[in-house]
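*Asks:* One structure, pasted below without further comment.
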Amino acid sequence: MLNKLKLWKDKNHSSNLRERIIAIRNQQVPSHVAIIMDGNGRWAKKRALPRIAGHHEGMKVVRKITKLANELGINTLTLYAFSTENWKRPKNEVDYLMKLPEEFLGTFLPELIDENVQVKMIGYKDKLPEHTRRSIEKAMNETQNNTGLILNFALNYGSRAEILEAVKRTVTDCKSGIMDINELNEDLFSNYLMTKGLEDPDLLIRTSGEIRLSNFMLWQLAYTEFWFTDVLWPDFEEKHLLEAIEVFQNRQRRFGGV
Ligand code: V0D
């Protein structure tokens, strides 16, 4: 394409994004958006690249989408980065994935701090390699007093295990008398989940054409709007998040009402 034409198109494209961001911000923005970031392996396969190349590309998209979520005024962005099932993948792939938090934070933590982002995590921390856990904990510590977007990574997370764990601790507290079983309700039970203190998601996005939950936030997604796309996570762009939120806002307008 002619350079001039390409420049014109880029400029036009970004001004289109700016207008959409403003329009979205003028309506009800989903407070908590959760994303199942699927399709990194498929993206790599299509290009005859190793799967880890897809994961690396996906990491860059995380940065882009975090920035946009912050600009949109979203309060919490939960990203499903690694499930309890993902340990079954080849060792070299798992080893590589476990280096991504360090690489991501090594590159982007200063910017996140600059943007007032709080880094959080849900999932079983104890099973993560020491180096992975330490870099995430350092980021959580350094951003804990920030008041902007909560960037919440679901890592080694599985929802049934989370619920079962919560049930066990609830029973323990009932037996010891800390909790009265007759007082136990949905709100009190929620405090036993890993998402304690976080709102339930308003919008769930899953990429890569899979239409299922795969053991993700089963309790928390009870009233959530779902938006699915065939776009693979490494191909996910700003315009896709904007589209998801526009659809969300249209549904709210049509069904939200009284
Ligand atoms: C690979 C697509 C960022 C999904 C995104 C360990 C699969 C890129 C993180 C990250 C992953 C996690 C915690 C944190 C900071 C960054 C990440 C994993 C995979 C699994 F504090 N991207 N990313 N973690 N991928």
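The way I read the labels, and the way they are meant: chains A, B, ... in the order of the structure tokens, residue 1 as the first residue of every chain, and ligand 1 as the first ligand shown, with later ones counted on from there.
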Kindly compile the residues surrounding ligand 1 within 9 Å, counting only C-alpha atoms and all ligand atoms, and format them as a ChimeraX atom specification.

*Replies:* /A:36-41,52,54-63,79-83,94-105,108-109,119-121,128,132-133,135-140,151-156,233-234

*Asks:* Run DSSP on the backbone and grab whatever in range 58-246 of chain A lands in strand (DSSP E); send it over as a PyMOL selection string.

*Replies:* chain A and resi 76-83+118-122+150-157+203-206+225-228

*Asks:* Based on the selection just made, write N, CA and C atoms of those residues as a compact mmCIF listing (two decimals), in the first residue's frame.

*Replies:*
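Once written, selection-v6.txt looks like this:
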# COMPACT_ATOMS: atom_id res chain seq x y z
N THR A 76 -11.91 -3.33 37.39
CA THR A 76 -11.18 -4.58 37.56
C THR A 76 -11.11 -5.33 36.23
N LEU A 77 -9.91 -5.77 35.87
CA LEU A 77 -9.72 -6.60 34.69
C LEU A 77 -9.11 -7.92 35.16
N THR A 78 -9.89 -9.01 35.04
CA THR A 78 -9.36 -10.33 35.42
C THR A 78 -8.99 -11.09 34.17
N LEU A 79 -7.76 -11.59 34.12
CA LEU A 79 -7.27 -12.29 32.94
C LEU A 79 -6.90 -13.72 33.30
N TYR A 80 -7.53 -14.68 32.61
CA TYR A 80 -7.24 -16.10 32.87
C TYR A 80 -5.98 -16.47 32.10
N ALA A 81 -4.87 -16.57 32.81
CA ALA A 81 -3.57 -16.77 32.17
C ALA A 81 -3.09 -18.22 32.23
N PHE A 82 -3.55 -18.96 33.25
CA PHE A 82 -3.06 -20.34 33.41
C PHE A 82 -4.05 -21.10 34.30
N SER A 83 -4.57 -22.21 33.78
CA SER A 83 -5.54 -22.99 34.57
C SER A 83 -4.83 -24.13 35.29
N GLN A 118 -3.18 -1.56 40.17
CA GLN A 118 -2.92 -2.51 41.25
C GLN A 118 -2.84 -3.90 40.65
N VAL A 119 -1.76 -4.61 40.87
CA VAL A 119 -1.63 -5.99 40.39
C VAL A 119 -2.13 -6.94 41.48
N LYS A 120 -3.01 -7.87 41.10
CA LYS A 120 -3.49 -8.90 42.03
C LYS A 120 -3.48 -10.25 41.34
N MET A 121 -3.69 -11.28 42.12
CA MET A 121 -3.70 -12.62 41.55
C MET A 121 -4.70 -13.51 42.29
N ILE A 122 -5.40 -14.36 41.55
CA ILE A 122 -6.18 -15.43 42.16
C ILE A 122 -5.64 -16.76 41.64
N ILE A 150 -7.63 -2.46 38.88
CA ILE A 150 -7.12 -3.70 39.47
C ILE A 150 -6.88 -4.68 38.33
N LEU A 151 -5.60 -5.02 38.12
CA LEU A 151 -5.24 -5.99 37.09
C LEU A 151 -5.04 -7.34 37.80
N ASN A 152 -6.05 -8.19 37.66
CA ASN A 152 -6.12 -9.42 38.45
C ASN A 152 -5.82 -10.63 37.56
N PHE A 153 -4.70 -11.29 37.80
CA PHE A 153 -4.34 -12.45 37.00
C PHE A 153 -4.85 -13.72 37.67
N ALA A 154 -5.59 -14.54 36.90
CA ALA A 154 -5.99 -15.87 37.37
C ALA A 154 -4.92 -16.83 36.88
N LEU A 155 -4.18 -17.38 37.83
CA LEU A 155 -2.99 -18.16 37.51
C LEU A 155 -2.99 -19.42 38.36
N ASN A 156 -2.92 -20.57 37.73
CA ASN A 156 -3.11 -21.83 38.43
C ASN A 156 -4.44 -21.78 39.19
N TYR A 157 -5.46 -21.31 38.47
CA TYR A 157 -6.79 -21.13 39.05
C TYR A 157 -7.73 -22.19 38.50
N LEU A 203 -18.91 -8.51 32.70
CA LEU A 203 -18.74 -8.95 31.32
C LEU A 203 -17.63 -9.99 31.25
N LEU A 204 -17.93 -11.12 30.61
CA LEU A 204 -16.91 -12.15 30.35
C LEU A 204 -16.66 -12.22 28.85
N ILE A 205 -15.38 -12.19 28.49
CA ILE A 205 -14.98 -12.33 27.09
C ILE A 205 -14.18 -13.61 26.96
N ARG A 206 -14.49 -14.41 25.93
CA ARG A 206 -13.61 -15.54 25.62
C ARG A 206 -13.24 -15.47 24.15
N GLU A 225 -22.76 -11.01 31.78
CA GLU A 225 -22.98 -11.05 30.33
C GLU A 225 -21.78 -11.71 29.66
N PHE A 226 -22.04 -12.60 28.69
CA PHE A 226 -20.94 -13.28 27.98
C PHE A 226 -20.80 -12.72 26.56
N TRP A 227 -19.56 -12.59 26.13
CA TRP A 227 -19.29 -12.19 24.74
C TRP A 227 -18.16 -13.06 24.19
N PHE A 228 -18.46 -13.76 23.11
CA PHE A 228 -17.48 -14.68 22.52
C PHE A 228 -17.04 -14.16 21.16

*Asks:* With distances taken over only C-alpha atoms, which residue among A:Ile163, A:Ala222, A:Ala53, A:Leu242 lies nearest Glu71 in chain A?

*Replies:* A:Leu242

*Asks:* Please run DSSP on the backbone and report, as a PyMOL selection string, all residues within range 60-179 of chain A that come out as alpha helix (DSSP H).

*Replies:* chain A and resi 60-72+91-97+100-114+130-143+159-176

*Asks:* Counting only C-alpha atoms, which residue out of A:Lys91, A:Val117, A:Glu165, A:Thr107 sits closest to Asn70 in chain A?

*Replies:*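 With only C-alpha atoms as the atom set, the closest residue is A:Val117.
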
*Asks:* One number please: CA of Gly123 in chain A to CA of Asp187 in chain A, in Å, one decimal.

*Replies:* 20.3 Å

*Asks:* Skip range 169-175 of chain A itself and residues of its chain fewer than 4 positions away, then list as a PyMOL selection string all residues within 12 Å of it, counting only C-alpha atoms.

*Replies:* chain A and resi 162-165+179-186+188-193

*Asks:* Kindly give the distance, in Å, that separates CA of Asn26 in chain A and CA of Asn116 in chain A, rounded to a single decimal.

*Replies:*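 Value for the CA of Asn26 in chain A-CA of Asn116 in chain A distance: 22.1 Å.
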
*Asks:* Considering only C-alpha atoms, state which residue in the set A:Gln252, A:His240, A:Ile21, A:Arg51 is at the smallest distance from Arg89 in chain A.

*Replies:* A:Arg51

*Asks:* Mind checking which residues fall within 9 Å of Ile113 in chain A, counting only C-alpha atoms, ignoring those fewer than 6 positions away in the same chain, and posting them as a list of chain:residue names?

*Replies:*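 The contact residues come out as A:Glu142, A:Thr143, A:Asn146.
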
*Asks:* For the residues in the current selection, export all heavy atoms as a PDB file, in the first residue's frame.

*Replies:*
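What landed in out_13.pdb:
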ATOM      1  N   GLU A 142       4.367  -3.799  45.484  1.00  0.00           N
ATOM      2  CA  GLU A 142       4.715  -2.455  45.016  1.00  0.00           C
ATOM      3  C   GLU A 142       3.507  -1.675  44.507  1.00  0.00           C
ATOM      4  O   GLU A 142       3.588  -0.461  44.330  1.00  0.00           O
ATOM      5  CB  GLU A 142       5.796  -2.537  43.926  1.00  0.00           C
ATOM      6  CG  GLU A 142       7.145  -2.911  44.497  1.00  0.00           C
ATOM      7  CD  GLU A 142       8.251  -2.982  43.448  1.00  0.00           C
ATOM      8  OE1 GLU A 142       8.084  -2.404  42.349  1.00  0.00           O
ATOM      9  OE2 GLU A 142       9.272  -3.616  43.732  1.00  0.00           O
ATOM     10  N   THR A 143       2.410  -2.365  44.232  1.00  0.00           N
ATOM     11  CA  THR A 143       1.237  -1.661  43.677  1.00  0.00           C
ATOM     12  C   THR A 143       0.039  -1.688  44.619  1.00  0.00           C
ATOM     13  O   THR A 143      -1.038  -1.232  44.270  1.00  0.00           O
ATOM     14  CB  THR A 143       0.810  -2.287  42.322  1.00  0.00           C
ATOM     15  OG1 THR A 143       0.436  -3.662  42.530  1.00  0.00           O
ATOM     16  CG2 THR A 143       1.918  -2.217  41.295  1.00  0.00           C
ATOM     17  N   ASN A 146      -1.901   1.474  45.155  1.00  0.00           N
ATOM     18  CA  ASN A 146      -2.431   2.167  43.979  1.00  0.00           C
ATOM     19  C   ASN A 146      -3.962   2.101  43.997  1.00  0.00           C
ATOM     20  O   ASN A 146      -4.546   1.176  44.575  1.00  0.00           O
ATOM     21  CB  ASN A 146      -1.876   1.537  42.694  1.00  0.00           C
ATOM     22  CG  ASN A 146      -0.406   1.881  42.493  1.00  0.00           C
ATOM     23  OD1 ASN A 146       0.164   2.663  43.254  1.00  0.00           O
ATOM     24  ND2 ASN A 146       0.200   1.288  41.476  1.00  0.00           N
TER      25      ASN A 146
END

*Asks:* Taking into account only C-alpha atoms, which residue in the set A:Glu210, A:Asp114, A:Asp202, A:Glu19 is nearest to Gln249 in chain A?

*Replies:*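 Among the listed residues, the smallest separation from Gln249 in chain A belongs to A:Asp202.
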
*Asks:* Within 10 Å of Ser14 in chain A, counting only C-alpha atoms, which residues qualify if same-chain residues fewer than 6 places away don't, as a ChimeraX atom specification?

*Replies:* /A:20,238-239

*Asks:* Can you spit out the residues from that selection as a PDB file, in the first residue's frame, using N, CA, C and O atoms?

*Replies:*
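Okay, this is what ended up in out_12.pdb:
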ATOM      1  N   ARG A  20     -14.994   6.206  19.814  1.00  0.00           N
ATOM      2  CA  ARG A  20     -15.721   5.098  20.459  1.00  0.00           C
ATOM      3  C   ARG A  20     -15.430   5.051  21.958  1.00  0.00           C
ATOM      4  O   ARG A  20     -16.324   4.779  22.756  1.00  0.00           O
ATOM      5  N   GLU A 238      -7.589  -3.396  20.337  1.00  0.00           N
ATOM      6  CA  GLU A 238      -8.425  -2.432  21.051  1.00  0.00           C
ATOM      7  C   GLU A 238      -9.864  -2.473  20.544  1.00  0.00           C
ATOM      8  O   GLU A 238     -10.812  -2.472  21.329  1.00  0.00           O
ATOM      9  N   LYS A 239     -10.019  -2.507  19.211  1.00  0.00           N
ATOM     10  CA  LYS A 239     -11.370  -2.436  18.636  1.00  0.00           C
ATOM     11  C   LYS A 239     -12.232  -3.610  19.100  1.00  0.00           C
ATOM     12  O   LYS A 239     -13.460  -3.477  19.199  1.00  0.00           O
TER      13      LYS A 239
END
